[in-house]
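K.L.:
Structure incoming, see below.
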Amino acid sequence: MDQLELDDALIAALHEGPFEERLWGSFLDQWRARMHADYTGIIFRPPDRPFAKVLEFFSGKRAPAELQKLYDEHLHKADPFETLHLQLQEGRLYALPELLNEADPVHAAFRHIMLEPSGINFMRLVRVTEPSGVSAWLSMARAEGDFSAAETALFARLAKHFRQSLRGHIVLERQRQQSSVADDAFSRLNFGWITIDITGSIVEVSPAAQKMMTQHPGLAISKNGRLAASQPAVQRKLSASLSHTAAATTPRPHALTISDDPWLTLLLVPLVRPAASTARTPVMIAYLQGDTRATADRHEQIAELFGLLPSEARLAWALSRGQSIAEAAENLSITLGTARNYSKKIYAKMGARGQADLVRFILSSVLALAYTSQP
């Protein structure tokens, strides 16, 4: 492989970096080998994070462990780079003599105490900034022999490509964060989702939906990769809803009760803008909602939120599940008169005018977010 091919392979590894488990791991290793460097690194500093708390990805030699510990505890306070990093001109390459003032005792001491024992005698550094404000610094260093003009020119070329790679990384991180927040909200509301293609085959299953199907025997994934209900009557309704949603030009959502005990419901919703970037294109989403949380937990939360006694909270929960006062009294092993007396106290404490208000207050309260399945 000639030099040009090596450089092209290095740039390709740079662009693949955001997708690796060890971010830019292959690139950092190849870059260090290509430059004959002792160290290559990428340092991130989000706008709201102090420099001492930066994120670092590197390849090669780093400061000895005892020296790194000393830096983390004390030396970072005298690090001239801590303030200098933010003053560097974006996109410009700097050599070590431009970064340290040997006439400054603090700079000279830092070089002697920290840099030289770490094998940083020759270095190149560049600051790259992404439009959102995230800054990153690329650096390469070695103990012997300064970097050549050709090596420095390649470093400058890599810095330009890294700006694009960094932007891709930031976009991915935002999407991951948004997805994580959405998944958490879905989980806390006892929701999971399953995407389905035009043939009725499953494309993807969220972890929450997978967990629900494990906990609820009423729904599973068949050997041919499709949703399967354990009850024949439910399976017929499910198949009909899937076929209708896939075939209709203006399909509407279909809701199904999969199981009453334990409770599991499904809402089949068409995708308005099906994704076209995957090998199998989902055309509909099956939203699942179930309930496996211990009722004792719910009673405690209702009592805390609305100032109810434990006995009142148990009745309030039963009424919020659609039970009549007579049904709730029987299930709770109390008399109908006691249940009616409790209900009056519940309505007064909650400010509810009746059972409909009670249901609305509970289901629209923050308790909905607390009703997550146990890990």
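Residue numbers start at 1 in each chain; chains themselves are named A, B, ... in the order of the structure tokens; ligands are numbered from 1 in the order shown.
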Would you list the contacts of A:Leu256 as a PyMOL selection string, taking every protein, DNA or RNA residue within 9 Å and counting only C-alpha atoms, but skipping same-chain residues closer than 4 positions in sequence?
P.N.:
chain A and resi 234+237-238+241+264-268
K.L.:
Near stretch 352-358 of chain A, counting only C-alpha atoms, which residues have an atom at most 12 Å away, once you skip same-chain residues fewer than 2 positions from it, shown as a PyMOL selection string?
P.N.:
chain A and resi 302+306+313+315-325+340+343-350+360-365
K.L.:
The selected residues should be written to file as a JSON list (two decimals), in the first residue's frame (atoms: N, CA and C atoms).
P.N.:
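The new file again_19.json reads:
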[["chain", "number", "residue", "atom", "x", "y", "z"],
["A", 302, "ILE", "N", -50.08, 6.90, 45.70],
["A", 302, "ILE", "CA", -51.35, 7.64, 45.71],
["A", 302, "ILE", "C", -51.57, 8.28, 47.07],
["A", 306, "PHE", "N", -51.82, 12.43, 47.34],
["A", 306, "PHE", "CA", -53.12, 13.04, 47.61],
["A", 306, "PHE", "C", -53.46, 13.10, 49.10],
["A", 313, "ALA", "N", -56.32, 4.93, 49.94],
["A", 313, "ALA", "CA", -55.52, 4.83, 48.72],
["A", 313, "ALA", "C", -55.82, 3.53, 47.98],
["A", 315, "LEU", "N", -58.66, 1.94, 47.94],
["A", 315, "LEU", "CA", -59.96, 2.10, 47.28],
["A", 315, "LEU", "C", -59.83, 3.05, 46.08],
["A", 316, "ALA", "N", -59.06, 4.13, 46.23],
["A", 316, "ALA", "CA", -58.88, 5.09, 45.13],
["A", 316, "ALA", "C", -58.25, 4.39, 43.92],
["A", 317, "TRP", "N", -57.27, 3.54, 44.17],
["A", 317, "TRP", "CA", -56.64, 2.82, 43.06],
["A", 317, "TRP", "C", -57.63, 1.89, 42.37],
["A", 318, "ALA", "N", -58.44, 1.19, 43.16],
["A", 318, "ALA", "CA", -59.43, 0.28, 42.59],
["A", 318, "ALA", "C", -60.45, 1.04, 41.74],
["A", 319, "LEU", "N", -60.90, 2.20, 42.25],
["A", 319, "LEU", "CA", -61.86, 3.00, 41.50],
["A", 319, "LEU", "C", -61.23, 3.56, 40.22],
["A", 320, "SER", "N", -59.93, 3.90, 40.28],
["A", 320, "SER", "CA", -59.27, 4.45, 39.09],
["A", 320, "SER", "C", -59.10, 3.39, 38.01],
["A", 321, "ARG", "N", -59.21, 2.11, 38.40],
["A", 321, "ARG", "CA", -59.12, 1.02, 37.43],
["A", 321, "ARG", "C", -60.47, 0.67, 36.83],
["A", 322, "GLY", "N", -61.49, 1.50, 37.12],
["A", 322, "GLY", "CA", -62.80, 1.29, 36.50],
["A", 322, "GLY", "C", -63.75, 0.42, 37.30],
["A", 323, "GLN", "N", -63.35, 0.01, 38.50],
["A", 323, "GLN", "CA", -64.24, -0.80, 39.32],
["A", 323, "GLN", "C", -65.32, 0.08, 39.95],
["A", 324, "SER", "N", -66.51, -0.48, 40.10],
["A", 324, "SER", "CA", -67.57, 0.23, 40.82],
["A", 324, "SER", "C", -67.26, 0.14, 42.31],
["A", 325, "ILE", "N", -67.98, 0.96, 43.10],
["A", 325, "ILE", "CA", -67.75, 0.92, 44.54],
["A", 325, "ILE", "C", -68.06, -0.47, 45.09],
["A", 340, "ARG", "N", -68.29, 3.34, 50.68],
["A", 340, "ARG", "CA", -68.92, 4.61, 50.37],
["A", 340, "ARG", "C", -68.40, 5.72, 51.29],
["A", 343, "SER", "N", -65.01, 6.64, 50.07],
["A", 343, "SER", "CA", -65.04, 7.36, 48.80],
["A", 343, "SER", "C", -65.35, 8.84, 49.01],
["A", 344, "LYS", "N", -66.23, 9.14, 49.98],
["A", 344, "LYS", "CA", -66.55, 10.54, 50.28],
["A", 344, "LYS", "C", -65.31, 11.27, 50.78],
["A", 345, "LYS", "N", -64.53, 10.61, 51.64],
["A", 345, "LYS", "CA", -63.31, 11.21, 52.16],
["A", 345, "LYS", "C", -62.28, 11.39, 51.03],
["A", 346, "ILE", "N", -62.21, 10.40, 50.14],
["A", 346, "ILE", "CA", -61.26, 10.48, 49.02],
["A", 346, "ILE", "C", -61.60, 11.67, 48.13],
["A", 347, "TYR", "N", -62.88, 11.79, 47.76],
["A", 347, "TYR", "CA", -63.29, 12.88, 46.87],
["A", 347, "TYR", "C", -63.02, 14.23, 47.52],
["A", 348, "ALA", "N", -63.25, 14.34, 48.83],
["A", 348, "ALA", "CA", -63.03, 15.60, 49.53],
["A", 348, "ALA", "C", -61.55, 15.96, 49.55],
["A", 349, "LYS", "N", -60.69, 15.00, 49.82],
["A", 349, "LYS", "CA", -59.25, 15.26, 49.90],
["A", 349, "LYS", "C", -58.65, 15.57, 48.53],
["A", 350, "MET", "N", -59.18, 14.92, 47.50],
["A", 350, "MET", "CA", -58.64, 15.12, 46.16],
["A", 350, "MET", "C", -59.31, 16.27, 45.42],
["A", 360, "ARG", "N", -59.41, 10.79, 36.35],
["A", 360, "ARG", "CA", -58.65, 11.79, 35.59],
["A", 360, "ARG", "C", -57.48, 12.33, 36.41],
["A", 361, "PHE", "N", -57.72, 12.61, 37.70],
["A", 361, "PHE", "CA", -56.67, 13.15, 38.55],
["A", 361, "PHE", "C", -55.49, 12.18, 38.67],
["A", 362, "ILE", "N", -55.80, 10.92, 38.84],
["A", 362, "ILE", "CA", -54.73, 9.93, 39.02],
["A", 362, "ILE", "C", -53.97, 9.68, 37.71],
["A", 363, "LEU", "N", -54.72, 9.49, 36.63],
["A", 363, "LEU", "CA", -54.06, 9.15, 35.36],
["A", 363, "LEU", "C", -53.31, 10.34, 34.76],
["A", 364, "SER", "N", -53.69, 11.57, 35.13],
["A", 364, "SER", "CA", -52.99, 12.74, 34.58],
["A", 364, "SER", "C", -51.94, 13.30, 35.55],
["A", 365, "SER", "N", -51.74, 12.64, 36.67],
["A", 365, "SER", "CA", -50.77, 13.11, 37.65],
["A", 365, "SER", "C", -49.38, 12.56, 37.33]]
K.L.:
Find the residue from A:Glu90, A:Glu21, A:Glu151, A:Asp146 that sits nearest to A:Asp7; use only C-alpha atoms when measuring.
P.N.:
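Nearest to A:Asp7: A:Glu151.
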K.L.:
To one decimal place in Å, what is the distance between atom CA of A:Glu327 and atom CA of A:Trp263?
P.N.:
17.7 Å
K.L.:
Show me, as a PyMOL selection string, the residues that have an atom within 8 Å of A:Ala159 when counting only C-alpha atoms, minus same-chain residues fewer than 3 positions from it.
P.N.:
chain A and resi 91+126+128+138+155-156+162-163
K.L.:
Just write the chosen residues, C-alpha atoms, as a tab-separated table (two decimals), in the first residue's frame.
P.N.:
chain	number	residue	atom	x	y	z
A	91	GLY	CA	-8.03	25.45	12.88
A	126	VAL	CA	-5.02	22.03	16.78
A	128	VAL	CA	-11.53	22.23	16.17
A	138	LEU	CA	-6.24	16.95	18.31
A	155	PHE	CA	-2.06	16.68	10.40
A	156	ALA	CA	-3.62	19.87	9.01
A	162	PHE	CA	-12.13	15.86	11.81
A	163	ARG	CA	-14.40	18.92	11.86
